Structures are given as C-alpha cells and as structure tokens.
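**Q** My structure is below; once you've seen it, I'll send some questions.
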Amino acid sequence: MKILFDFLPIALFFGMFKYAEGHKDWAASTATDWLGFMVSGGIVGPAEAPVLLATVVVIVATFAQILWLKARGKKVDTMLWVSLALVTALGGATIYFHSESFIKWKPTVLYWVMGGALAVGQLVFKKNGIQSLMGAQMNLPEPIWRKVNYSWMGFFLVMGFVNIWVAYNFSTDAWVNFKLFGGLGLMFVFVLAQAVFLNKHIKT
C-alpha cells in the first residue's frame with residue numbers, strides 16, 4: 001500500500017499528460033491561461049503544454065500527500081520531503097523554461113539521493129537503513145541485512161541511470177509510460193526477488 005501511495009503522484013502525472021496529449025489545443029490554451037504568468041514569454045505552445053500541465057499536477061499531488069499525512073497525524077518520511085523539494089524546484093524550472101529536461105531528471109536525482117542516504121548510513125555511520133525500516137518485521141542475520149542494504153543501493157543507482165537513458169533516447173511519451181509502468185514494474189520485480197532471497201534467511 002505504501003508503494004502505491006508513493007506512486008500516486010506519478011499515476012496522476014501520467015493521466016494528465018495522456019489527456020493533454022490527446023487534446024493539445026485545450027492543453028495549450030489552459031496552460032497559457034493558468035501558467036502564463038509563470039512561464040518565460042507568457043505563452044505555452046501545444047508541444048510543451050502536456051508536460052507542463054502534468055508537472056503542475058505532480059507538484060500539487062505531492063503537496064496533497066504531505067497535507068493528508070499531517071491531517072491524519074502520521075509521520076512524513078524524509079524522502080517525501082525530498083521528493084517535494086525536487087519536484088517543486090525541477091518542476092518549477094520545467095514550467096518557467098518550457099523545458100521537460102528538468103522534470104525528467106527528478107526521478108534520477110531522487111533515486112540517487114535515496115541510494116546515497118543508504119550508502120552514507122552504512123559506510124559512514126555504520127547504520128543499516130533498510131534494517132532500521134524493516135527490522136521490526138523480520139529477524140535476519142547481520143551479514144544478510146548488509147547484503148540487502150547494498151542491493152537497494154545498487155537498485156537505486158541503476159534505476160537513476162535507466163531513467164536518464166530512457167529520457168534522452170526515447171520520446172517524452174515513452175518516458176512518461178516508463179515512469180509509471182517501467183518504474184513500478186521494475187520495483188515490483190526487485191521486491192519479489194528480495195522476498196525470495198530473504199525467505200531463505202529469516203530466523204524463526
């Protein structure tokens with residue numbers, strides 16, 4: 001459920017982009033009316049309007065996630081705050097400069113921040129971030145926890161490179177598809193592989 005919650009802004013980004021792609025004249029006029037005061041030149045064309053509108057949606061959705069968690073008295077994960085900062089900064093640049101390049105970097109930067117946080121915790125502070133998150137749910141030998149932690153570091157590193165590779169070698173439409181289905185699919189496969197691996201080592 002948490003993974004689905006985390007992917008909600010991406011799903012909304014996908015939905016808005018696909019709708020705007022199919023209604024480019026509406027997208028251009030709406031983006032100009034809503035975002036004209038924020039963009040360089042004040043006019044948004046039909047080519048860039050879909051990604052700009054989708055960017056606004058993902059920024060609002062991320063804000064809404066935090067407000068919803070706060071309203072329910074729940075803790076907001078550090079990475080959600082980082083995601084909000086990145087999507088606001090890079091999304092704002094995308095809107096102002098009419099350039100999708102900025103928002104395309106957001107997943108990569110977030111992946112690398114998460115992987116970097118795990119690496120710093122393990123190598124500098126001798127603290128296993130994955131064990132801290134999952135230790136209450138399962139009992140594993142210390143060497144296995146280290147392997148799990150390193151595997152997540154590697155996964156985030158690779159995902160960052162894959163996102164940029166797709167972004168710069170395929171169309172924006174293909175990147176948007178990958179952002180939702182590819183990212184979620186690869187995460188599911190990785191988590192499933194982790195579950196199979198961990199099942200062999202869980203202490204009873």
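Ordering of the structure tokens sets the chain letters (A, B, ...), residue numbers begin anew at 1 in every chain, and ligands are numbered from 1 in the order given.
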When you look at A:Phe13 with a cut-off of 8 Å (counting only C-alpha atoms), what residues show up, excluding the ones that are within fewer than 6 positions of it in the same chain? I need them as a PyMOL selection string.
**A** chain A and resi 54-55+57-58
**Q** Could you dump the residues just selected with all heavy atoms as a CSV table (one decimal), in the first residue's frame?
**A**
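Writing done, so here's part-v3.csv:
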chain,number,residue,atom,x,y,z
A,54,ALA,N,1.1,18.4,-16.7
A,54,ALA,CA,1.4,17.2,-15.9
A,54,ALA,C,2.3,17.5,-14.7
A,54,ALA,O,2.2,17.0,-13.6
A,54,ALA,CB,2.0,16.1,-16.7
A,55,THR,N,3.3,18.4,-14.9
A,55,THR,CA,4.2,18.8,-13.9
A,55,THR,C,3.5,19.5,-12.8
A,55,THR,O,3.7,19.3,-11.6
A,55,THR,CB,5.3,19.7,-14.5
A,55,THR,OG1,6.0,19.0,-15.4
A,55,THR,CG2,6.2,20.2,-13.4
A,57,VAL,N,0.4,19.1,-11.9
A,57,VAL,CA,-0.4,18.1,-11.2
A,57,VAL,C,0.5,17.3,-10.2
A,57,VAL,O,0.0,17.1,-9.1
A,57,VAL,CB,-1.1,17.1,-12.3
A,57,VAL,CG1,-1.6,15.9,-11.6
A,57,VAL,CG2,-2.2,17.8,-13.0
A,58,VAL,N,1.7,16.9,-10.7
A,58,VAL,CA,2.5,16.1,-9.8
A,58,VAL,C,3.0,17.0,-8.6
A,58,VAL,O,3.1,16.4,-7.5
A,58,VAL,CB,3.7,15.5,-10.5
A,58,VAL,CG1,4.8,16.5,-10.8
A,58,VAL,CG2,4.3,14.3,-9.8
**Q** Hey, what's within 12 Å of A:Leu198 if we count only C-alpha atoms and toss same-chain stuff fewer than 4 positions away? As a list of chain:residue names, please?
**A**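 Counting only C-alpha atoms, the residues come to A:Met134, A:Gln137, A:Met138, A:Asn139, A:Leu140, A:Pro141, A:Pro143, A:Ile144, A:Trp145, A:Lys147, A:Val148, A:Val191, A:Leu192, A:Ala193, A:Gln194, A:Ile202, A:Lys203.
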**Q** Keeping N, CA and C atoms, export the residues of the selection given above as a PDB file, in the first residue's frame.
**A**
ATOM      1  N   MET A 134      12.938  -2.162   8.290  1.00  0.00           N
ATOM      2  CA  MET A 134      12.277  -3.464   8.233  1.00  0.00           C
ATOM      3  C   MET A 134      12.606  -4.382   9.399  1.00  0.00           C
ATOM      4  N   GLN A 137       9.893  -6.086  11.388  1.00  0.00           N
ATOM      5  CA  GLN A 137       9.041  -7.054  10.693  1.00  0.00           C
ATOM      6  C   GLN A 137       9.715  -8.404  10.492  1.00  0.00           C
ATOM      7  N   MET A 138      11.035  -8.446  10.497  1.00  0.00           N
ATOM      8  CA  MET A 138      11.722  -9.718  10.264  1.00  0.00           C
ATOM      9  C   MET A 138      13.050  -9.774  10.996  1.00  0.00           C
ATOM     10  N   ASN A 139      13.480 -10.966  11.298  1.00  0.00           N
ATOM     11  CA  ASN A 139      14.721 -11.201  12.037  1.00  0.00           C
ATOM     12  C   ASN A 139      15.721 -11.877  11.103  1.00  0.00           C
ATOM     13  N   LEU A 140      16.794 -11.156  10.761  1.00  0.00           N
ATOM     14  CA  LEU A 140      17.787 -11.663   9.812  1.00  0.00           C
ATOM     15  C   LEU A 140      19.183 -11.577  10.401  1.00  0.00           C
ATOM     16  N   PRO A 141      20.094 -12.455   9.979  1.00  0.00           N
ATOM     17  CA  PRO A 141      21.491 -12.325  10.411  1.00  0.00           C
ATOM     18  C   PRO A 141      22.084 -11.015   9.902  1.00  0.00           C
ATOM     19  N   PRO A 143      24.958 -10.224   8.454  1.00  0.00           N
ATOM     20  CA  PRO A 143      25.516 -10.193   7.094  1.00  0.00           C
ATOM     21  C   PRO A 143      24.431 -10.105   6.010  1.00  0.00           C
ATOM     22  N   ILE A 144      23.279 -10.697   6.267  1.00  0.00           N
ATOM     23  CA  ILE A 144      22.183 -10.651   5.293  1.00  0.00           C
ATOM     24  C   ILE A 144      21.607  -9.241   5.219  1.00  0.00           C
ATOM     25  N   TRP A 145      21.474  -8.584   6.366  1.00  0.00           N
ATOM     26  CA  TRP A 145      20.997  -7.204   6.362  1.00  0.00           C
ATOM     27  C   TRP A 145      21.927  -6.320   5.529  1.00  0.00           C
ATOM     28  N   LYS A 147      23.800  -7.280   2.992  1.00  0.00           N
ATOM     29  CA  LYS A 147      23.575  -7.596   1.583  1.00  0.00           C
ATOM     30  C   LYS A 147      22.304  -6.924   1.061  1.00  0.00           C
ATOM     31  N   VAL A 148      21.271  -6.949   1.881  1.00  0.00           N
ATOM     32  CA  VAL A 148      20.011  -6.308   1.481  1.00  0.00           C
ATOM     33  C   VAL A 148      20.210  -4.811   1.290  1.00  0.00           C
ATOM     34  N   VAL A 191      11.488  -6.196  -5.607  1.00  0.00           N
ATOM     35  CA  VAL A 191      10.951  -6.546  -4.286  1.00  0.00           C
ATOM     36  C   VAL A 191      10.615  -8.039  -4.226  1.00  0.00           C
ATOM     37  N   LEU A 192      10.082  -8.584  -5.315  1.00  0.00           N
ATOM     38  CA  LEU A 192       9.770 -10.011  -5.357  1.00  0.00           C
ATOM     39  C   LEU A 192      11.040 -10.849  -5.230  1.00  0.00           C
ATOM     40  N   ALA A 193      12.092 -10.438  -5.939  1.00  0.00           N
ATOM     41  CA  ALA A 193      13.369 -11.156  -5.843  1.00  0.00           C
ATOM     42  C   ALA A 193      13.927 -11.064  -4.422  1.00  0.00           C
ATOM     43  N   GLN A 194      13.778  -9.895  -3.808  1.00  0.00           N
ATOM     44  CA  GLN A 194      14.219  -9.719  -2.423  1.00  0.00           C
ATOM     45  C   GLN A 194      13.450 -10.665  -1.492  1.00  0.00           C
ATOM     46  N   ILE A 202      15.340 -15.829   6.869  1.00  0.00           N
ATOM     47  CA  ILE A 202      14.608 -15.309   8.025  1.00  0.00           C
ATOM     48  C   ILE A 202      14.734 -16.277   9.206  1.00  0.00           C
ATOM     49  N   LYS A 203      15.106 -15.726  10.354  1.00  0.00           N
ATOM     50  CA  LYS A 203      15.193 -16.535  11.568  1.00  0.00           C
ATOM     51  C   LYS A 203      13.823 -16.734  12.160  1.00  0.00           C
TER      52      LYS A 203
END
**Q** Between atom CA of A:Ile59 and atom CA of A:Phe190, measure the distance and give it in Å to one decimal.
**A**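 If I compute the distance from atom CA of A:Ile59 to atom CA of A:Phe190, I get 27.2 Å.
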**Q** Tell me, as a PyMOL selection string, which residues lie within 12 Å of A:Gly185, counting only C-alpha atoms; anything in the same chain fewer than 5 positions away does not count.
**A** chain A and resi 3-4+7+159+177-180+190-192
**Q** For the selection just defined, write its residues with C-alpha atoms to a file, as an mmCIF file, in the first residue's frame.
**A**
data_model
loop_
_atom_site.group_PDB
_atom_site.id
_atom_site.type_symbol
_atom_site.label_atom_id
_atom_site.label_comp_id
_atom_site.auth_asym_id
_atom_site.auth_seq_id
_atom_site.Cartn_x
_atom_site.Cartn_y
_atom_site.Cartn_z
ATOM 1 C CA ILE A 3 4.364 1.752 -2.680
ATOM 2 C CA LEU A 4 1.001 2.523 -4.287
ATOM 3 C CA PHE A 7 3.388 6.166 -6.885
ATOM 4 C CA MET A 159 17.298 2.995 -11.703
ATOM 5 C CA ASN A 177 4.994 5.386 -19.882
ATOM 6 C CA PHE A 178 8.249 4.114 -18.394
ATOM 7 C CA LYS A 179 7.979 6.484 -15.425
ATOM 8 C CA LEU A 180 4.767 4.769 -14.350
ATOM 9 C CA PHE A 190 13.110 -6.306 -7.422
ATOM 10 C CA VAL A 191 10.951 -6.546 -4.286
ATOM 11 C CA LEU A 192 9.770 -10.011 -5.357
#
**Q** Using atom CA of A:Trp68 and atom CA of A:Tyr111 as the two end points, give the distance in Å to one decimal.
**A**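 Computing the Euclidean distance for atom CA of A:Trp68 and atom CA of A:Tyr111 yields 23.6 Å.
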**Q** Tell me, as a list in words, which residues lie within 8 Å of stretch 104-107 of chain A, counting only C-alpha atoms; anything in the same chain fewer than 3 positions away does not count.
**A**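 So, after excluding close chain neighbours, the residues are Leu86, Val87, Leu90, Glu100, Ser101, Leu110, Tyr111, Gly160, Asn163, Ile164 and Ala167 of chain A.
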**Q** May I have the residues within 12 Å of A:Phe37 as a list in words, using only C-alpha atoms and disregarding those fewer than 6 positions away in the same chain?
**A** Ala31, Ile43, Val44, Ile95 and Tyr96 of chain A
**Q** Put those residues in a file: N, CA and C atoms, as a PDB file, in the first residue's frame.
**A**
ATOM      1  N   ALA A  31      -2.852  25.830 -20.344  1.00  0.00           N
ATOM      2  CA  ALA A  31      -1.538  26.105 -19.759  1.00  0.00           C
ATOM      3  C   ALA A  31      -1.188  27.580 -19.857  1.00  0.00           C
ATOM      4  N   ILE A  43       3.531  32.560 -23.043  1.00  0.00           N
ATOM      5  CA  ILE A  43       2.734  31.721 -23.938  1.00  0.00           C
ATOM      6  C   ILE A  43       3.246  30.289 -23.899  1.00  0.00           C
ATOM      7  N   VAL A  44       2.325  29.335 -23.781  1.00  0.00           N
ATOM      8  CA  VAL A  44       2.678  27.918 -23.808  1.00  0.00           C
ATOM      9  C   VAL A  44       2.136  27.302 -25.092  1.00  0.00           C
ATOM     10  N   ILE A  95       8.500  24.431 -15.875  1.00  0.00           N
ATOM     11  CA  ILE A  95       7.420  25.355 -16.230  1.00  0.00           C
ATOM     12  C   ILE A  95       7.983  26.675 -16.749  1.00  0.00           C
ATOM     13  N   TYR A  96       8.923  27.247 -16.052  1.00  0.00           N
ATOM     14  CA  TYR A  96       9.440  28.572 -16.434  1.00  0.00           C
ATOM     15  C   TYR A  96      10.155  28.537 -17.782  1.00  0.00           C
TER      16      TYR A  96
END
**Q** In terms of the shortest atom-to-atom distance over only C-alpha atoms, which of A:Ala28, A:Val51, A:Leu84, A:Val76 is closest to A:Trp175?
**A**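 Closest to A:Trp175 of all the choices is A:Val51.
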**Q** In Å, how far is it from atom CA of A:Val120 to atom CA of A:Met187?
**A**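 Distance between the two atoms: 22.2 Å.
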**Q** Running DSSP on the backbone, which parts of stretch 51-200 of chain A land in helix (DSSP H, G or I), as an NGL selection string?
**A** :A and (51-71 or 78-97 or 101-123 or 129-134 or 142-169 or 172-199)
**Q** Looking at A:Met38, A:Leu123, A:Leu184, A:Val189, which one is nearest to A:His98, with distances taken over only C-alpha atoms?
**A**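 The closest residue to A:His98 is A:Met38.
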**Q** Give me, as a list in words, all polymer residues having an atom no more than 12 Å from A:Ala47, counting only C-alpha atoms and skipping those fewer than 6 positions away in the same chain.
**A**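 Counting only C-alpha atoms, the residues come to Phe17, Ala20, Glu21, Gly22, His23, Lys24, Asp25, Trp26, Ala27, Ala28, Ser29, Ala31, Leu53, His98, Ser99, Glu100, Thr172 and Asp173 of chain A.
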**Q** Report as a PyMOL selection string all protein, DNA and RNA residues lying within 10 Å of A:Gln65, evaluated on only C-alpha atoms, omitting residues in the same chain fewer than 2 positions from it.
**A** chain A and resi 5-6+8-9+60-63+67-71+76+80+84
**Q** Return the single residue from A:Val56, A:Val176, A:Asp33, A:Glu142 that is closest to A:Lys18, with distances computed using only C-alpha atoms.
**A**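 Residue with the minimum atom-to-atom distance to A:Lys18: A:Val176.
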**Q** Would you please work out which residue, of A:Tyr168, A:Phe156, A:Phe97, A:Trp81, is nearest to A:Gly42 when using only C-alpha atoms?
**A**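 Checking each candidate against A:Gly42, we get A:Phe97 as the closest.
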**Q** Would you please work out which residue, of A:Gly41, A:Gly36, A:Gly121, A:Gly115, is nearest to A:Ser151 when using only C-alpha atoms?
**A**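 When distances to A:Ser151 are compared using only C-alpha atoms, the smallest one comes from A:Gly115.
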